[in-house]
Structure formats: C-alpha cells, structure tokens
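Chemist: Input input02.cif, format and content: mmCIF, C-alpha atoms; chains and numbers go by the auth columns.
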```cif
data_input
loop_
_atom_site.group_PDB
_atom_site.id
_atom_site.type_symbol
_atom_site.label_atom_id
_atom_site.label_comp_id
_atom_site.label_asym_id
_atom_site.label_seq_id
_atom_site.Cartn_x
_atom_site.Cartn_y
_atom_site.Cartn_z
_atom_site.B_iso_or_equiv
_atom_site.auth_seq_id
_atom_site.auth_asym_id
ATOM 1 C CA MET A 1 -77.532 71.138 -15.084 0.00 1 W
ATOM 2 C CA ALA A 2 -74.944 71.579 -12.381 0.00 2 W
ATOM 3 C CA THR A 3 -74.379 70.274 -8.867 0.00 3 W
ATOM 4 C CA LEU A 4 -74.220 72.747 -5.990 0.00 4 W
ATOM 5 C CA LYS A 5 -71.800 71.638 -3.269 0.00 5 W
ATOM 6 C CA VAL A 6 -72.401 73.010 0.214 0.00 6 W
ATOM 7 C CA ASN A 7 -69.636 72.415 2.779 0.00 7 W
ATOM 8 C CA ILE A 8 -70.319 72.734 6.488 0.00 8 W
ATOM 9 C CA THR A 9 -67.228 72.588 8.682 0.00 9 W
ATOM 10 C CA GLU A 10 -67.082 72.649 12.470 0.00 10 W
ATOM 11 C CA SER A 11 -63.690 72.949 14.081 0.00 11 W
ATOM 12 C CA ILE A 12 -63.137 72.565 17.826 0.00 12 W
ATOM 13 C CA THR A 13 -60.707 70.855 20.166 0.00 13 W
ATOM 14 C CA LEU A 14 -61.779 70.179 23.749 0.00 14 W
ATOM 15 C CA ASN A 15 -59.409 68.685 26.312 0.00 15 W
ATOM 16 C CA GLY A 16 -57.042 67.757 23.493 0.00 16 W
ATOM 17 C CA ASN A 17 -59.712 65.878 21.533 0.00 17 W
ATOM 18 C CA ASN A 18 -60.925 66.914 18.099 0.00 18 W
ATOM 19 C CA PHE A 19 -64.708 67.202 17.980 0.00 19 W
ATOM 20 C CA GLY A 20 -64.789 68.889 14.582 0.00 20 W
ATOM 21 C CA ALA A 21 -66.772 67.641 11.633 0.00 21 W
ATOM 22 C CA LYS A 22 -67.135 68.304 7.927 0.00 22 W
ATOM 23 C CA ASN A 23 -70.238 67.509 5.930 0.00 23 W
ATOM 24 C CA THR A 24 -70.794 68.066 2.232 0.00 24 W
ATOM 25 C CA LEU A 25 -74.239 68.377 0.727 0.00 25 W
ATOM 26 C CA SER A 26 -74.481 67.840 -3.035 0.00 26 W
ATOM 27 C CA VAL A 27 -77.565 69.380 -4.648 0.00 27 W
ATOM 28 C CA SER A 28 -77.910 68.084 -8.198 0.00 28 W
ATOM 29 C CA GLY A 29 -79.994 69.468 -11.046 0.00 29 W
ATOM 30 C CA VAL A 30 -79.327 73.159 -10.376 0.00 30 W
ATOM 31 C CA ASN A 31 -79.944 75.389 -13.398 0.00 31 W
ATOM 32 C CA SER A 32 -80.165 78.792 -11.762 0.00 32 W
ATOM 33 C CA VAL A 33 -78.786 80.602 -8.722 0.00 33 W
ATOM 34 C CA ASN A 34 -80.050 83.868 -7.292 0.00 34 W
ATOM 35 C CA LYS A 35 -77.799 85.595 -4.744 0.00 35 W
ATOM 36 C CA ARG A 36 -78.555 89.035 -3.397 0.00 36 W
ATOM 37 C CA ILE A 37 -78.132 91.337 -0.414 0.00 37 W
ATOM 38 C CA ILE A 38 -81.403 92.628 1.004 0.00 38 W
ATOM 39 C CA GLU A 39 -81.782 95.371 3.600 0.00 39 W
ATOM 40 C CA CYS A 40 -84.193 94.229 6.272 0.00 40 W
ATOM 41 C CA ILE A 41 -86.155 96.947 8.098 0.00 41 W
ATOM 42 C CA THR A 42 -87.372 97.240 11.677 0.00 42 W
ATOM 43 C CA GLY A 43 -90.816 98.491 10.644 0.00 43 W
ATOM 44 C CA SER A 44 -94.165 96.770 10.903 0.00 44 W
ATOM 45 C CA GLY A 45 -94.465 93.678 8.728 0.00 45 W
ATOM 46 C CA GLY A 46 -90.731 93.443 8.046 0.00 46 W
ATOM 47 C CA THR A 47 -89.221 92.903 4.595 0.00 47 W
ATOM 48 C CA GLN A 48 -90.221 90.140 2.207 0.00 48 W
ATOM 49 C CA ILE A 49 -87.055 88.256 1.207 0.00 49 W
ATOM 50 C CA TYR A 50 -88.522 85.199 -0.561 0.00 50 W
ATOM 51 C CA ALA A 51 -91.671 84.408 -2.520 0.00 51 W
ATOM 52 C CA GLY A 52 -92.662 81.011 -3.873 0.00 52 W
ATOM 53 C CA ALA A 53 -95.619 79.966 -6.007 0.00 53 W
ATOM 54 C CA ALA A 54 -96.829 77.316 -8.449 0.00 54 W
ATOM 55 C CA ALA A 55 -95.177 79.213 -11.328 0.00 55 W
ATOM 56 C CA ALA A 56 -92.160 81.486 -11.545 0.00 56 W
ATOM 57 C CA ALA A 57 -92.794 85.203 -12.012 0.00 57 W
ATOM 58 C CA SER A 58 -90.922 88.440 -11.468 0.00 58 W
ATOM 59 C CA GLY A 59 -89.456 88.165 -7.964 0.00 59 W
ATOM 60 C CA THR A 60 -91.105 84.786 -7.368 0.00 60 W
ATOM 61 C CA PHE A 61 -89.594 81.304 -7.527 0.00 61 W
ATOM 62 C CA LYS A 62 -91.445 78.188 -8.678 0.00 62 W
ATOM 63 C CA SER A 63 -91.649 76.326 -5.358 0.00 63 W
ATOM 64 C CA ALA A 64 -91.348 72.851 -6.906 0.00 64 W
ATOM 65 C CA ASP A 65 -88.032 73.882 -8.528 0.00 65 W
ATOM 66 C CA VAL A 66 -86.383 75.334 -5.387 0.00 66 W
ATOM 67 C CA LYS A 67 -83.597 73.030 -4.208 0.00 67 W
ATOM 68 C CA TYR A 68 -81.758 75.141 -1.624 0.00 68 W
ATOM 69 C CA ILE A 69 -82.322 78.374 0.324 0.00 69 W
ATOM 70 C CA ARG A 70 -79.713 80.064 2.517 0.00 70 W
ATOM 71 C CA ILE A 71 -80.277 83.238 4.530 0.00 71 W
ATOM 72 C CA THR A 72 -77.246 84.759 6.279 0.00 72 W
ATOM 73 C CA ASN A 73 -77.438 87.648 8.720 0.00 73 W
ATOM 74 C CA THR A 74 -74.353 89.702 7.824 0.00 74 W
ATOM 75 C CA ASP A 75 -74.788 92.126 10.735 0.00 75 W
ATOM 76 C CA ALA A 76 -72.265 92.065 13.605 0.00 76 W
ATOM 77 C CA THR A 77 -74.763 93.032 16.325 0.00 77 W
ATOM 78 C CA ASN A 78 -78.450 92.877 15.414 0.00 78 W
ATOM 79 C CA TYR A 79 -80.689 89.874 14.982 0.00 79 W
ATOM 80 C CA VAL A 80 -83.660 89.419 12.653 0.00 80 W
ATOM 81 C CA VAL A 81 -86.857 87.457 13.055 0.00 81 W
ATOM 82 C CA LEU A 82 -87.555 85.224 10.061 0.00 82 W
ATOM 83 C CA ASN A 83 -91.240 84.584 9.440 0.00 83 W
ATOM 84 C CA LEU A 84 -92.055 81.573 7.238 0.00 84 W
ATOM 85 C CA GLU A 85 -95.585 81.508 5.879 0.00 85 W
ATOM 86 C CA GLY A 86 -97.527 78.809 4.065 0.00 86 W
ATOM 87 C CA ASN A 87 -101.176 78.521 3.134 0.00 87 W
ATOM 88 C CA SER A 88 -102.340 77.723 6.678 0.00 88 W
ATOM 89 C CA HIS A 89 -99.096 77.536 8.683 0.00 89 W
ATOM 90 C CA GLU A 90 -96.761 80.227 9.968 0.00 90 W
ATOM 91 C CA SER A 91 -93.580 80.051 12.021 0.00 91 W
ATOM 92 C CA SER A 92 -91.064 82.599 13.289 0.00 92 W
ATOM 93 C CA HIS A 93 -87.372 82.034 14.065 0.00 93 W
ATOM 94 C CA LYS A 94 -84.700 84.307 15.525 0.00 94 W
ATOM 95 C CA LEU A 95 -81.593 84.578 13.316 0.00 95 W
ATOM 96 C CA GLU A 96 -78.789 86.087 15.376 0.00 96 W
ATOM 97 C CA ALA A 97 -76.038 88.333 14.016 0.00 97 W
ATOM 98 C CA GLY A 98 -73.551 86.420 11.868 0.00 98 W
ATOM 99 C CA LYS A 99 -75.684 83.249 11.770 0.00 99 W
ATOM 100 C CA THR A 100 -77.118 81.312 8.821 0.00 100 W
ATOM 101 C CA PHE A 101 -80.482 79.642 8.217 0.00 101 W
ATOM 102 C CA ILE A 102 -80.649 76.879 5.561 0.00 102 W
ATOM 103 C CA LEU A 103 -83.621 75.132 3.962 0.00 103 W
ATOM 104 C CA GLY A 104 -83.170 72.234 1.567 0.00 104 W
ATOM 105 C CA THR A 105 -86.580 72.924 0.057 0.00 105 W
ATOM 106 C CA PRO A 106 -89.611 75.093 0.835 0.00 106 W
ATOM 107 C CA VAL A 107 -91.833 71.987 0.589 0.00 107 W
ATOM 108 C CA GLY A 108 -92.757 70.048 3.752 0.00 108 W
ATOM 109 C CA PHE A 109 -93.450 72.842 6.232 0.00 109 W
ATOM 110 C CA ASP A 110 -95.813 72.373 9.181 0.00 110 W
ATOM 111 C CA THR A 111 -96.348 74.116 12.505 0.00 111 W
ATOM 112 C CA GLU A 112 -98.582 71.557 14.168 0.00 112 W
ATOM 113 C CA VAL A 113 -97.672 70.927 17.793 0.00 113 W
ATOM 114 C CA ALA A 114 -97.766 67.125 17.593 0.00 114 W
ATOM 115 C CA ILE A 115 -95.243 65.393 15.339 0.00 115 W
ATOM 116 C CA ASP A 116 -97.810 62.684 14.534 0.00 116 W
ATOM 117 C CA SER A 117 -100.122 65.193 12.815 0.00 117 W
ATOM 118 C CA PHE A 118 -97.607 66.474 10.224 0.00 118 W
ATOM 119 C CA SER A 119 -99.420 67.713 7.117 0.00 119 W
ATOM 120 C CA GLY A 120 -96.589 69.377 5.170 0.00 120 W
ATOM 121 C CA GLU A 121 -97.306 72.366 2.990 0.00 121 W
ATOM 122 C CA THR A 122 -95.149 74.730 0.966 0.00 122 W
ATOM 123 C CA ILE A 123 -93.580 77.948 2.247 0.00 123 W
ATOM 124 C CA ASP A 124 -94.979 80.754 0.094 0.00 124 W
ATOM 125 C CA THR A 125 -93.321 83.726 1.773 0.00 125 W
ATOM 126 C CA ILE A 126 -90.328 84.445 3.978 0.00 126 W
ATOM 127 C CA LYS A 127 -90.205 87.838 5.658 0.00 127 W
ATOM 128 C CA ALA A 128 -87.533 89.245 7.945 0.00 128 W
ATOM 129 C CA LYS A 129 -87.788 91.955 10.584 0.00 129 W
ATOM 130 C CA ALA A 130 -84.692 93.506 12.149 0.00 130 W
ATOM 131 C CA ASN A 131 -84.745 93.999 15.909 0.00 131 W
ATOM 132 C CA SER A 132 -83.281 97.505 16.370 0.00 132 W
ATOM 133 C CA ALA A 133 -81.498 98.690 13.203 0.00 133 W
ATOM 134 C CA VAL A 134 -81.494 97.902 9.486 0.00 134 W
ATOM 135 C CA VAL A 135 -79.768 94.565 8.843 0.00 135 W
ATOM 136 C CA LYS A 136 -78.325 93.297 5.573 0.00 136 W
ATOM 137 C CA LEU A 137 -79.215 89.711 4.759 0.00 137 W
ATOM 138 C CA GLU A 138 -77.528 87.596 2.116 0.00 138 W
ATOM 139 C CA VAL A 139 -80.195 85.477 0.412 0.00 139 W
ATOM 140 C CA TYR A 140 -79.133 82.595 -1.840 0.00 140 W
ATOM 141 C CA VAL A 141 -81.654 80.470 -3.749 0.00 141 W
ATOM 142 C CA ALA A 142 -80.762 77.586 -6.087 0.00 142 W
ATOM 143 C CA THR A 143 -83.408 76.227 -8.456 0.00 143 W
ATOM 144 C CA ALA A 144 -83.813 73.561 -11.129 0.00 144 W
#
```
Give the structure from this file in structure tokens form.
Modeler:
Amino acid sequence: MATLKVNITESITLNGNNFGAKNTLSVSGVNSVNKRIIECITGSGGTQIYAGAAAAASGTFKSADVKYIRITNTDATNYVVLNLEGNSHESSHKLEAGKTFILGTPVGFDTEVAIDSFSGETIDTIKAKANSAVVKLEVYVATA
C-alpha cells in the first residue's frame, strides 16, 4: 500500500500581505490509481465518467475502496455540468474551464435541503455534459 499526497497551494499578496496557503492531504492505503482523459460530449445525457458499485467490474470501481476522485476540466473556454447520482439523490454542479472538482470519497452524498435530515448514500454514477463544444476531462481515481 502507498500514500497519495495531494498538495493544494494558493498564492496571493494583497496590499503587501501574503494571504496564500498550502495544505497537504495524505491518503493512505492506496493500491491502485486510474488516470485517464475522457472526451465529454454536448449531447443529451452527457458522458459517464465514473461508475461505482458494491463490487469492482470492468469500468466500475468498488465504492467502498474509493479513497479519492479528482475531475479536472482541461478546456480553456468551455464548462461542463457534472451530474452526481446515487440511489435516490442527484445533484448537478458547474465545472468551469480550467477548474478542478475533488471528492475524498463517493460515500456520504445527500441532496436534502435541510442539513438536519442528512441521510448519506453512495454516488453510483458521475456524468458530465459539455456546454457548447467537446471538452476533455482528466479523471483521477485512487482506490484501496
């Protein structure tokens, strides 16, 4: 097993003061990494970029083993809409050009309006739909 180190660095100086920060996330117990570039279409339904289930299969990750997911929009202009789907919950998020979306785990997802009614389920599918032209996404998944 290996430890994945993720470094997030913000660098900015405002009015002569440094407001930058650096944070390091250490993800232990990683046995496998899957990194790929996926072309995301503009068509109906988008492009599936992640699948999780109770057991690993061709193109599907065992949800309980997923430790880290990163999706980066490599396009310079176009955004994508990420659609996260669970058994009974669904949520969509805009990922602008050049931006990154990170999940520490696909477990613990809920779209209830009230924070006090959190039920937490597992993300089974992530789809992406490009807004006006094909977009290349870098998808990185680390598993136990």
Chemist: Write out, as a tab-separated table, each residue of region 55-82 of chain W that has an atom at most 10 Å from region 24-42 of chain W, together with the closest pair of atoms and their distance in Å to one decimal, counting all atoms listed in the file, rows going by chain and rising number.
Modeler:
```
residue	atom	partner	partner_atom	distance
W:Phe61	CA	W:Asn34	CA	9.9
W:Asp65	CA	W:Val30	CA	8.9
W:Val66	CA	W:Val30	CA	8.9
W:Lys67	CA	W:Val27	CA	7.1
W:Tyr68	CA	W:Val27	CA	7.7
W:Ile69	CA	W:Asn34	CA	9.7
W:Arg70	CA	W:Lys35	CA	9.3
W:Ile71	CA	W:Ile37	CA	9.7
W:Thr72	CA	W:Ile37	CA	9.4
W:Asn73	CA	W:Cys40	CA	9.7
W:Thr74	CA	W:Ile37	CA	9.2
W:Val80	CA	W:Cys40	CA	8.0
W:Val81	CA	W:Thr42	CA	9.9
```
Chemist: Output C-alpha atoms for every residue in the selection just made, as a tab-separated table (two decimals), keeping the file's coordinate frame.
Modeler:
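Output saved as part-v5.tsv:
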```
chain	number	residue	atom	x	y	z
W	61	PHE	CA	-89.59	81.30	-7.53
W	65	ASP	CA	-88.03	73.88	-8.53
W	66	VAL	CA	-86.38	75.33	-5.39
W	67	LYS	CA	-83.60	73.03	-4.21
W	68	TYR	CA	-81.76	75.14	-1.62
W	69	ILE	CA	-82.32	78.37	0.32
W	70	ARG	CA	-79.71	80.06	2.52
W	71	ILE	CA	-80.28	83.24	4.53
W	72	THR	CA	-77.25	84.76	6.28
W	73	ASN	CA	-77.44	87.65	8.72
W	74	THR	CA	-74.35	89.70	7.82
W	80	VAL	CA	-83.66	89.42	12.65
W	81	VAL	CA	-86.86	87.46	13.06
```
Chemist: For CA of Tyr50 (chain W) and CA of Phe101 (chain W), quote the distance in Å rounded to one decimal.
Modeler: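 We find that CA of Tyr50 (chain W) and CA of Phe101 (chain W) lie 13.1 Å from each other.
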Chemist: Starting from the shown file, work through the PyMOL selection byres ((chain W and resi 105) around 12) and note down what comes out as a list of chain:residue names.
Modeler: W:Val27, W:Gly52, W:Phe61, W:Lys62, W:Ser63, W:Ala64, W:Asp65, W:Val66, W:Lys67, W:Tyr68, W:Ile69, W:Arg70, W:Ile102, W:Leu103, W:Gly104, W:Pro106, W:Val107, W:Gly108, W:Phe109, W:Gly120, W:Glu121, W:Thr122, W:Ile123, W:Asp124, W:Val141, W:Ala142, W:Thr143, W:Ala144
Chemist: For Ala133 (chain W), which residue among W:Ser11, W:Ala21, W:Ala2, W:Ala97 is the nearest when counting only C-alpha atoms?
Modeler: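 Closest to Ala133 (chain W) of all the choices is W:Ala97.
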Chemist: So, with only C-alpha atoms as the atoms that count, which of W:Asn7, W:Phe19, W:Gly43, W:Lys127 lies closest to Leu95 (chain W)?
Modeler: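 Using only C-alpha atoms, Leu95 (chain W) sits closest to W:Lys127.
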Chemist: Box time for region 107-125 of chain W: axis-aligned, enclosing all its listed atoms, 6 Å extra on each side; report centre and edge lengths in Å to one decimal, as JSON.
Modeler:
```
{"center_x": -96.0, "center_y": 73.2, "center_z": 8.9, "size_x": 20.3, "size_y": 33.0, "size_z": 29.7}
```
Chemist: Rounded to one decimal in Å, what is the spacing between CA of Ile49 (chain W) and CA of Ile126 (chain W)?
Modeler: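 Taking CA of Ile49 (chain W) as the start and CA of Ile126 (chain W) as the end point, the length is 5.7 Å.
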